[in-house]
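One file, structure_23.cif, carrying mmCIF, C-alpha atoms and all ligand atoms:
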data_final
#
loop_
_atom_site.label_atom_id
_atom_site.label_comp_id
_atom_site.auth_asym_id
_atom_site.auth_seq_id
_atom_site.Cartn_x
_atom_site.Cartn_y
_atom_site.Cartn_z
CA ASN R 282 -35.08 15.82 -15.52
CA LYS R 283 -33.30 15.15 -12.27
CA LYS R 284 -29.57 16.06 -12.16
CA ILE R 285 -27.86 13.00 -10.71
CA THR R 286 -24.33 12.15 -9.62
CA ILE R 287 -22.49 9.52 -11.66
CA ALA R 288 -19.43 7.92 -10.05
CA ILE R 289 -17.02 6.00 -12.29
CA ASP R 290 -14.23 4.07 -10.58
CA GLY R 291 -11.90 1.34 -11.72
CA PHE R 292 -8.42 0.26 -12.60
CA SER R 293 -6.04 2.48 -14.52
CA SER R 294 -6.46 2.90 -18.27
CA THR R 295 -9.84 1.20 -18.45
CA GLY R 296 -11.17 4.08 -20.55
CA LYS R 297 -13.02 5.71 -17.64
CA SER R 298 -12.39 9.24 -18.82
CA THR R 299 -13.36 8.51 -22.43
CA ILE R 300 -16.75 7.20 -21.38
CA ALA R 301 -17.19 9.88 -18.70
CA LYS R 302 -16.62 12.67 -21.23
CA LEU R 303 -19.21 11.19 -23.62
CA ILE R 304 -21.80 10.86 -20.86
CA ALA R 305 -21.15 14.39 -19.61
CA LYS R 306 -21.56 15.76 -23.11
CA LYS R 307 -24.80 13.90 -23.79
CA TYR R 308 -26.50 14.90 -20.53
CA ASN R 309 -24.87 18.33 -20.32
CA TYR R 310 -23.20 17.40 -17.03
CA ILE R 311 -19.89 18.58 -15.59
CA TYR R 312 -17.05 16.08 -15.96
CA VAL R 313 -14.34 15.93 -13.30
CA ASP R 314 -11.20 13.86 -13.79
CA THR R 315 -10.00 13.37 -10.22
CA GLY R 316 -6.87 11.51 -11.36
CA ALA R 317 -5.74 14.80 -12.91
CA MET R 318 -5.85 16.39 -9.45
CA TYR R 319 -3.61 13.70 -7.89
CA ARG R 320 -1.34 14.03 -10.91
CA ALA R 321 -1.12 17.83 -10.48
CA VAL R 322 -0.16 17.43 -6.80
CA SER R 323 2.53 14.95 -7.93
CA LEU R 324 3.82 17.44 -10.49
CA PHE R 325 4.01 20.08 -7.76
CA ALA R 326 6.10 17.69 -5.63
CA LYS R 327 8.46 17.18 -8.56
CA GLN R 328 8.75 20.90 -9.31
CA HIS R 329 9.68 21.58 -5.69
CA ASN R 330 12.20 18.76 -5.53
CA PHE R 331 10.33 16.78 -2.89
CA VAL R 332 11.08 13.77 -5.08
CA GLY R 333 14.30 11.89 -5.81
CA ASN R 334 15.08 8.50 -7.26
CA ASP R 335 12.69 6.18 -5.46
CA PHE R 336 12.10 8.79 -2.80
CA LEU R 337 9.24 11.12 -1.87
CA ASP R 338 9.48 13.55 1.04
CA LYS R 339 5.90 13.19 2.26
CA GLU R 340 6.33 15.57 5.19
CA LYS R 341 7.56 18.41 2.95
CA LEU R 342 4.69 17.86 0.56
CA ILE R 343 2.16 17.82 3.41
CA SER R 344 3.50 21.05 4.89
CA ASN R 345 3.27 22.77 1.49
CA LEU R 346 -0.24 21.61 0.57
CA ASN R 347 -1.67 25.08 1.20
CA ASP R 348 0.44 26.41 -1.66
CA ILE R 349 -1.32 24.14 -4.14
CA SER R 350 -4.28 25.60 -5.93
CA LEU R 351 -6.06 23.37 -8.42
CA SER R 352 -8.68 24.37 -10.96
CA PHE R 353 -10.29 23.11 -14.14
CA LYS R 354 -10.91 25.39 -17.10
CA PHE R 355 -13.15 24.28 -19.93
CA ASN R 356 -11.47 24.29 -23.32
CA GLU R 357 -14.08 24.80 -26.04
CA ASP R 358 -11.89 23.33 -28.79
CA LEU R 359 -11.09 20.16 -26.87
CA GLY R 360 -14.58 19.84 -25.42
CA PHE R 361 -13.34 19.14 -21.90
CA ALA R 362 -11.76 20.92 -18.95
CA GLU R 363 -8.00 21.14 -18.62
CA MET R 364 -6.09 20.94 -15.35
CA PHE R 365 -4.49 24.09 -13.95
CA LEU R 366 -1.93 24.07 -11.14
CA ASN R 367 -1.47 27.49 -9.54
CA ASP R 368 -3.04 29.08 -12.62
CA LYS R 369 -0.74 27.34 -15.08
CA ASN R 370 -2.10 24.86 -17.61
CA VAL R 371 -0.46 21.51 -16.78
CA GLU R 372 -2.72 19.25 -18.84
CA GLN R 373 0.21 17.91 -20.91
CA GLU R 374 2.79 17.71 -18.14
CA ILE R 375 0.63 15.61 -15.82
CA ARG R 376 0.20 12.83 -18.42
CA THR R 377 3.85 11.81 -18.69
CA LEU R 378 5.14 8.41 -17.54
CA GLU R 379 7.29 10.21 -14.95
CA VAL R 380 4.21 11.58 -13.22
CA SER R 381 2.44 8.22 -13.60
CA GLN R 382 5.35 6.61 -11.76
CA LEU R 383 4.94 8.95 -8.81
CA VAL R 384 1.21 9.55 -8.50
CA SER R 385 0.14 6.38 -6.68
CA LYS R 386 2.67 7.10 -3.95
CA VAL R 387 1.34 10.64 -3.56
CA ALA R 388 -2.22 9.27 -3.50
CA THR R 389 -1.48 7.19 -0.39
CA ILE R 390 -1.02 10.36 1.69
CA SER R 391 -4.16 10.98 3.76
CA GLU R 392 -3.61 14.75 3.98
CA VAL R 393 -3.51 14.95 0.18
CA ARG R 394 -6.67 12.86 -0.13
CA ARG R 395 -8.54 14.97 2.44
CA LYS R 396 -7.78 18.16 0.54
CA LEU R 397 -8.76 16.76 -2.86
CA VAL R 398 -11.87 14.92 -1.66
CA ALA R 399 -13.19 18.14 -0.06
CA GLU R 400 -12.69 20.00 -3.35
CA GLN R 401 -14.36 17.19 -5.30
CA GLN R 402 -17.37 17.14 -2.99
CA GLN R 403 -17.75 20.87 -3.44
CA MET R 404 -17.62 20.59 -7.24
CA GLY R 405 -20.36 17.96 -7.17
CA ALA R 406 -22.54 19.51 -4.50
CA LYS R 407 -25.32 20.40 -6.94
CA GLY R 408 -25.42 17.12 -8.85
CA GLY R 409 -25.31 16.98 -12.64
CA ILE R 410 -21.81 15.60 -12.45
CA VAL R 411 -19.78 12.70 -13.84
CA MET R 412 -16.68 12.08 -11.77
CA ASP R 413 -14.07 9.42 -12.41
CA GLY R 414 -11.35 8.11 -10.13
CA ARG R 415 -10.70 5.35 -7.62
CA ASP R 416 -12.78 6.26 -4.56
CA ILE R 417 -15.68 8.24 -5.99
CA GLY R 418 -18.43 5.71 -5.28
CA THR R 419 -16.92 4.63 -1.96
CA VAL R 420 -15.67 7.87 -0.37
CA VAL R 421 -16.37 11.04 -2.35
CA PHE R 422 -20.02 10.36 -3.24
CA PRO R 423 -21.17 7.23 -1.39
CA ASN R 424 -24.76 8.29 -2.17
CA ALA R 425 -24.25 8.71 -5.92
CA GLU R 426 -27.35 7.61 -7.85
CA LEU R 427 -25.28 5.67 -10.37
CA LYS R 428 -21.95 3.93 -9.73
CA LEU R 429 -19.89 2.16 -12.34
CA PHE R 430 -16.79 0.07 -11.84
CA MET R 431 -14.59 -0.46 -14.90
CA THR R 432 -12.20 -3.34 -15.40
CA ALA R 433 -10.26 -4.80 -18.33
CA SER R 434 -7.26 -7.09 -18.71
CA ALA R 435 -3.89 -5.53 -17.85
CA ASP R 436 -2.68 -6.25 -21.37
CA LYS R 437 -5.58 -4.40 -23.02
CA ARG R 438 -5.13 -1.47 -20.67
CA ALA R 439 -1.38 -1.19 -21.18
CA THR R 440 -1.86 -1.39 -24.97
CA ARG R 441 -4.36 1.47 -24.79
CA ARG R 442 -2.05 3.66 -22.68
CA TYR R 443 1.01 2.76 -24.77
CA LYS R 444 -0.71 3.89 -27.98
CA GLU R 445 -1.79 7.17 -26.38
CA LEU R 446 1.76 8.00 -25.29
CA LEU R 447 3.28 6.94 -28.62
CA ASP R 448 0.81 9.16 -30.47
CA LYS R 449 2.01 12.06 -28.34
CA GLY R 450 5.59 11.29 -29.32
CA ASP R 451 6.73 10.07 -25.90
CA LYS R 452 9.60 7.61 -25.94
CA VAL R 453 8.33 4.70 -23.88
CA THR R 454 8.34 0.93 -24.13
CA PHE R 455 5.32 -1.34 -23.84
CA GLU R 456 6.99 -3.18 -20.96
CA GLU R 457 7.42 -0.06 -18.84
CA ILE R 458 3.82 0.94 -19.44
CA LEU R 459 2.54 -2.53 -18.53
CA PHE R 460 4.66 -2.46 -15.40
CA ASN R 461 3.36 1.00 -14.45
CA VAL R 462 -0.30 0.06 -14.99
CA GLU R 463 0.03 -3.05 -12.81
CA GLU R 464 2.12 -1.33 -10.17
CA ARG R 465 -0.35 1.55 -9.82
CA ASP R 466 -3.25 -0.89 -9.51
CA ARG R 467 -1.34 -2.78 -6.83
CA ILE R 468 -0.57 0.35 -4.79
CA ASP R 469 -4.06 1.81 -5.30
CA SER R 470 -5.82 -1.42 -4.26
CA THR R 471 -3.70 -2.08 -1.18
CA ARG R 472 -3.32 1.39 0.37
CA GLU R 473 -4.87 1.96 3.76
CA ASP R 474 -6.75 5.18 3.04
CA SER R 475 -9.56 4.85 0.47
CA PRO R 476 -8.27 1.82 -1.44
CA LEU R 477 -9.58 1.10 -4.91
CA ILE R 478 -12.48 -1.30 -4.38
CA LYS R 479 -15.82 -1.77 -6.05
CA ALA R 480 -18.64 -0.23 -4.02
CA ASP R 481 -21.31 -2.82 -3.14
CA ASP R 482 -23.86 -1.02 -5.26
CA ALA R 483 -21.59 -0.34 -8.26
CA ILE R 484 -22.25 -1.97 -11.61
CA GLU R 485 -19.19 -3.69 -13.01
CA PHE R 486 -18.14 -3.25 -16.63
CA ASN R 487 -15.42 -5.46 -18.02
CA ASN R 488 -14.59 -3.78 -21.27
CA SER R 489 -11.72 -5.99 -22.48
CA ASP R 490 -13.88 -6.95 -25.43
CA MET R 491 -16.48 -4.22 -25.46
CA GLY R 492 -16.24 -1.28 -27.86
CA ILE R 493 -16.83 2.26 -26.78
CA ASP R 494 -20.20 2.50 -28.60
CA GLU R 495 -21.62 -0.53 -26.82
CA GLN R 496 -20.43 0.69 -23.41
CA PHE R 497 -21.82 4.14 -24.06
CA GLU R 498 -25.20 2.76 -25.09
CA ARG R 499 -25.46 0.50 -22.05
CA ILE R 500 -24.48 3.24 -19.66
CA CYS R 501 -26.95 5.70 -21.20
CA THR R 502 -29.72 3.16 -20.56
CA LEU R 503 -28.66 3.04 -16.90
CA VAL R 504 -28.59 6.85 -16.67
CA ASP R 505 -32.00 7.21 -18.34
CA ARG R 506 -33.52 4.92 -15.72
CA LYS R 507 -32.28 7.20 -12.94
CA ILE R 508 -33.20 10.62 -14.24
O1 LIG R 601 -7.14 8.32 -13.29
P1 LIG R 601 -5.62 8.36 -13.38
O2 LIG R 601 -5.05 7.09 -13.93
O3 LIG R 601 -5.10 9.57 -14.07
O4 LIG R 601 -5.17 8.47 -11.84
C1 LIG R 601 -3.82 8.55 -11.49
C2 LIG R 601 -3.62 8.04 -10.08
O5 LIG R 601 -4.21 8.93 -9.14
C3 LIG R 601 -4.20 6.68 -9.75
O6 LIG R 601 -3.35 5.61 -10.14
C4 LIG R 601 -4.35 6.77 -8.22
O7 LIG R 601 -3.12 6.50 -7.58
C5 LIG R 601 -4.67 8.23 -8.00
N1 LIG R 601 -6.10 8.47 -7.81
C6 LIG R 601 -6.67 8.23 -6.57
N2 LIG R 601 -7.98 8.54 -6.34
C7 LIG R 601 -8.74 9.06 -7.30
C8 LIG R 601 -8.20 9.29 -8.59
C9 LIG R 601 -6.88 8.98 -8.81
O8 LIG R 601 -5.99 7.75 -5.67
N3 LIG R 601 -10.01 9.38 -7.04
#
Translate this file's structure into structure tokens.
Ligand code: C5P
Amino acid sequence: NKKITIAIDGFSSTGKSTIAKLIAKKYNYIYVDTGAMYRAVSLFAKQHNFVGNDFLDKEKLISNLNDISLSFKFNEDLGFAEMFLNDKNVEQEIRTLEVSQLVSKVATISEVRRKLVAEQQQMGAKGGIVMDGRDIGTVVFPNAELKLFMTASADKRATRRYKELLDKGDKVTFEEILFNVEERDRIDSTREDSPLIKADDAIEFNNSDMGIDEQFERICTLVDRKI
């Protein structure tokens, strides 16, 4: 079988990573969550106090980019790779609402994108990869054999994210999650560098009313046609 590249883009909390992990497992592909990388850079900015209330010192972050080393390490128990920032496991820390409130701002910085895109292209150089994000089919792998674009209503997406955070014990309200989901989509879709848009050759999936099994089955059919 041919080892292809599968690019999954779309709005936040559309279940991209859930589906990507299932596909990677079935086809024995590598899964890369590129959002985790932007989140880790955002965490770094917080740790170094480049961030205040409603303020991000972009220049400081840019001049310290060489001190950021990102890596994924596969966790056998979880069945997926966890994000490491300068050799420290930050998988939990990058998923907080605080980081979610900062990450889209960090993701507008071209220098940050250039660094992360280069690393992503290297990880996927040999194919056999499922990568999810916002610009995978448009910028990172414009020649990917299969491109998916996931959408769902903002309400469904916020509900999904809200439940996840509640389960983890985070104290958040539905309203702030809904606001964050919509705000990130707005910033991501309107930024100048690599905005979130559907690639011409991407297949759109609106999963507002589609269960995970049905999506998985449909996507596997698409993959099987390509390999
Ligand atoms: O996928 P996730 O929701 O964790 O991504 C967090 C944020 O990282 C997005 O809202 C977006 O601002 C940024 N991102 C990006 N390009 C990617 C992946 C994520 O700009 N390829």
**Request:** List the neighbours of R:Arg441 out to 9 Å using all atoms listed in the file; skip same-chain residues closer than 6 positions along the sequence, and give me the result as a list of chain:residue names.
**Result:**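 After dropping sequence-adjacent residues, the list is R:Ser294, R:Thr295, R:Gly296.
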Check every protein, DNA and RNA residue against ligand LIG 601 (chain R), keep those with an atom at most 6 Å away (counting only C-alpha atoms and all ligand atoms), and present them as a PDB file with C-alpha atoms, keeping the file's coordinate frame.
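Output file result-v1.pdb is given in full below:
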ATOM      1  CA  SER R 293      -6.040   2.480 -14.520  1.00  0.00           C
ATOM      2  CA  THR R 315     -10.000  13.370 -10.220  1.00  0.00           C
ATOM      3  CA  GLY R 316      -6.870  11.510 -11.360  1.00  0.00           C
ATOM      4  CA  ALA R 317      -5.740  14.800 -12.910  1.00  0.00           C
ATOM      5  CA  TYR R 319      -3.610  13.700  -7.890  1.00  0.00           C
ATOM      6  CA  VAL R 384       1.210   9.550  -8.500  1.00  0.00           C
ATOM      7  CA  SER R 385       0.140   6.380  -6.680  1.00  0.00           C
ATOM      8  CA  ALA R 388      -2.220   9.270  -3.500  1.00  0.00           C
ATOM      9  CA  GLY R 414     -11.350   8.110 -10.130  1.00  0.00           C
ATOM     10  CA  ARG R 415     -10.700   5.350  -7.620  1.00  0.00           C
ATOM     11  CA  ASP R 416     -12.780   6.260  -4.560  1.00  0.00           C
ATOM     12  CA  ILE R 417     -15.680   8.240  -5.990  1.00  0.00           C
ATOM     13  CA  ARG R 465      -0.350   1.550  -9.820  1.00  0.00           C
ATOM     14  CA  ASP R 469      -4.060   1.810  -5.300  1.00  0.00           C
TER      15      ASP R 469
END
**Prompt:** Neighbours of R:Ile500 within 12 Å (only C-alpha atoms; same-chain residues fewer than 4 positions away dropped), as a list in words?
**Reply:** Ile287, Ala288, Ile289, Lys297, Ile300, Ala301, Leu303, Ile304, Ala305, Lys307, Tyr308, Leu427, Lys428, Leu429, Phe430, Met431, Ile484, Glu485, Phe486, Ile493, Asp494, Glu495, Gln496, Val504, Asp505, Arg506 and Lys507 of chain R
I need the chosen residues saved as a tab-separated table (two decimals), in the coordinates of the input, with C-alpha atoms.
chain	number	residue	atom	x	y	z
R	287	ILE	CA	-22.49	9.52	-11.66
R	288	ALA	CA	-19.43	7.92	-10.05
R	289	ILE	CA	-17.02	6.00	-12.29
R	297	LYS	CA	-13.02	5.71	-17.64
R	300	ILE	CA	-16.75	7.20	-21.38
R	301	ALA	CA	-17.19	9.88	-18.70
R	303	LEU	CA	-19.21	11.19	-23.62
R	304	ILE	CA	-21.80	10.86	-20.86
R	305	ALA	CA	-21.15	14.39	-19.61
R	307	LYS	CA	-24.80	13.90	-23.79
R	308	TYR	CA	-26.50	14.90	-20.53
R	427	LEU	CA	-25.28	5.67	-10.37
R	428	LYS	CA	-21.95	3.93	-9.73
R	429	LEU	CA	-19.89	2.16	-12.34
R	430	PHE	CA	-16.79	0.07	-11.84
R	431	MET	CA	-14.59	-0.46	-14.90
R	484	ILE	CA	-22.25	-1.97	-11.61
R	485	GLU	CA	-19.19	-3.69	-13.01
R	486	PHE	CA	-18.14	-3.25	-16.63
R	493	ILE	CA	-16.83	2.26	-26.78
R	494	ASP	CA	-20.20	2.50	-28.60
R	495	GLU	CA	-21.62	-0.53	-26.82
R	496	GLN	CA	-20.43	0.69	-23.41
R	504	VAL	CA	-28.59	6.85	-16.67
R	505	ASP	CA	-32.00	7.21	-18.34
R	506	ARG	CA	-33.52	4.92	-15.72
R	507	LYS	CA	-32.28	7.20	-12.94
**Request:** Just give me the gap between atom CA of R:Asp436 and atom CA of R:Lys386 in Å, one decimal is fine.
**Result:**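 Result for atom CA of R:Asp436 versus atom CA of R:Lys386: 22.6 Å, one decimal.
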First collect every listed atom of stretch 292-309 of chain R; then fit an axis-aligned box around them, widen it by 6 Å on each side, and give centre and edge lengths in Å to one decimal, as lines of an AutoDock Vina configuration file.
center_x = -16.3
center_y = 9.3
center_z = -18.2
size_x = 32.5
size_y = 30.1
size_z = 23.2
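Candidate residues R:Thr377, R:Asn424, R:Asn330, R:Ser470 were compared for distance to R:Gly408, and the nearest is R:Asn424, using all atoms listed in the file.
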**Fill in**
atom CA of R:Ile285 sits from atom CA of R:Glu426 at a separation of 6.1 Å
**Item:** Selection near R:Gln328, 12 Å with all atoms listed in the file, sequence-local residues under 3 positions removed, as a PyMOL selection string
**Value:** chain R and resi 321-325+331-333+342+349+366+371+374-375+380
**Minimum-distance residue to R:Lys449, chosen among R:Gln373, R:Arg499, R:Pro423, R:Gly492 (using all atoms listed in the file)** =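 Answer, going by the shortest atom-to-atom distance: R:Gln373.
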**Asked** Within 12 Å of R:Leu359, counting only C-alpha atoms, which residues qualify if same-chain residues fewer than 3 places away don't, as a PyMOL selection string?
**Response** chain R and resi 302+306+354-356+362-363+372
Restricting the output to C-alpha atoms, write the selected residues as a compact mmCIF listing (two decimals), in the frame of the given file.
# COMPACT_ATOMS: atom_id res chain seq x y z
CA LYS R 302 -16.62 12.67 -21.23
CA LYS R 306 -21.56 15.76 -23.11
CA LYS R 354 -10.91 25.39 -17.10
CA PHE R 355 -13.15 24.28 -19.93
CA ASN R 356 -11.47 24.29 -23.32
CA ALA R 362 -11.76 20.92 -18.95
CA GLU R 363 -8.00 21.14 -18.62
CA GLU R 372 -2.72 19.25 -18.84
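The shortest atom-to-atom distance to R:Phe365, with only C-alpha atoms taken into account, belongs to R:Met318 out of R:Met318, R:Asp338, R:Phe292, R:Gly409.
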**Asked** Using only C-alpha atoms, which of the listed residues (R:Met412, R:Met491, R:Leu383, R:Val398) sits closest to R:Asn461?
**Response** R:Leu383
**Asked** Interatomic distance between atom CA of R:Gly360 and atom CA of R:Tyr312?
**Response** 10.5 Å
**Asked** Which residue gives the smallest distance to R:Gly418 among R:Thr440, R:Asn488, R:Gln403, R:Ser475, with all atoms listed in the file counted?
**Response** R:Ser475
**Nearest candidate to R:Glu473 (options R:Leu346, R:Ile410, R:Leu378, R:Ile390; using all atoms listed in the file)** =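 Closest candidate: R:Ile390.
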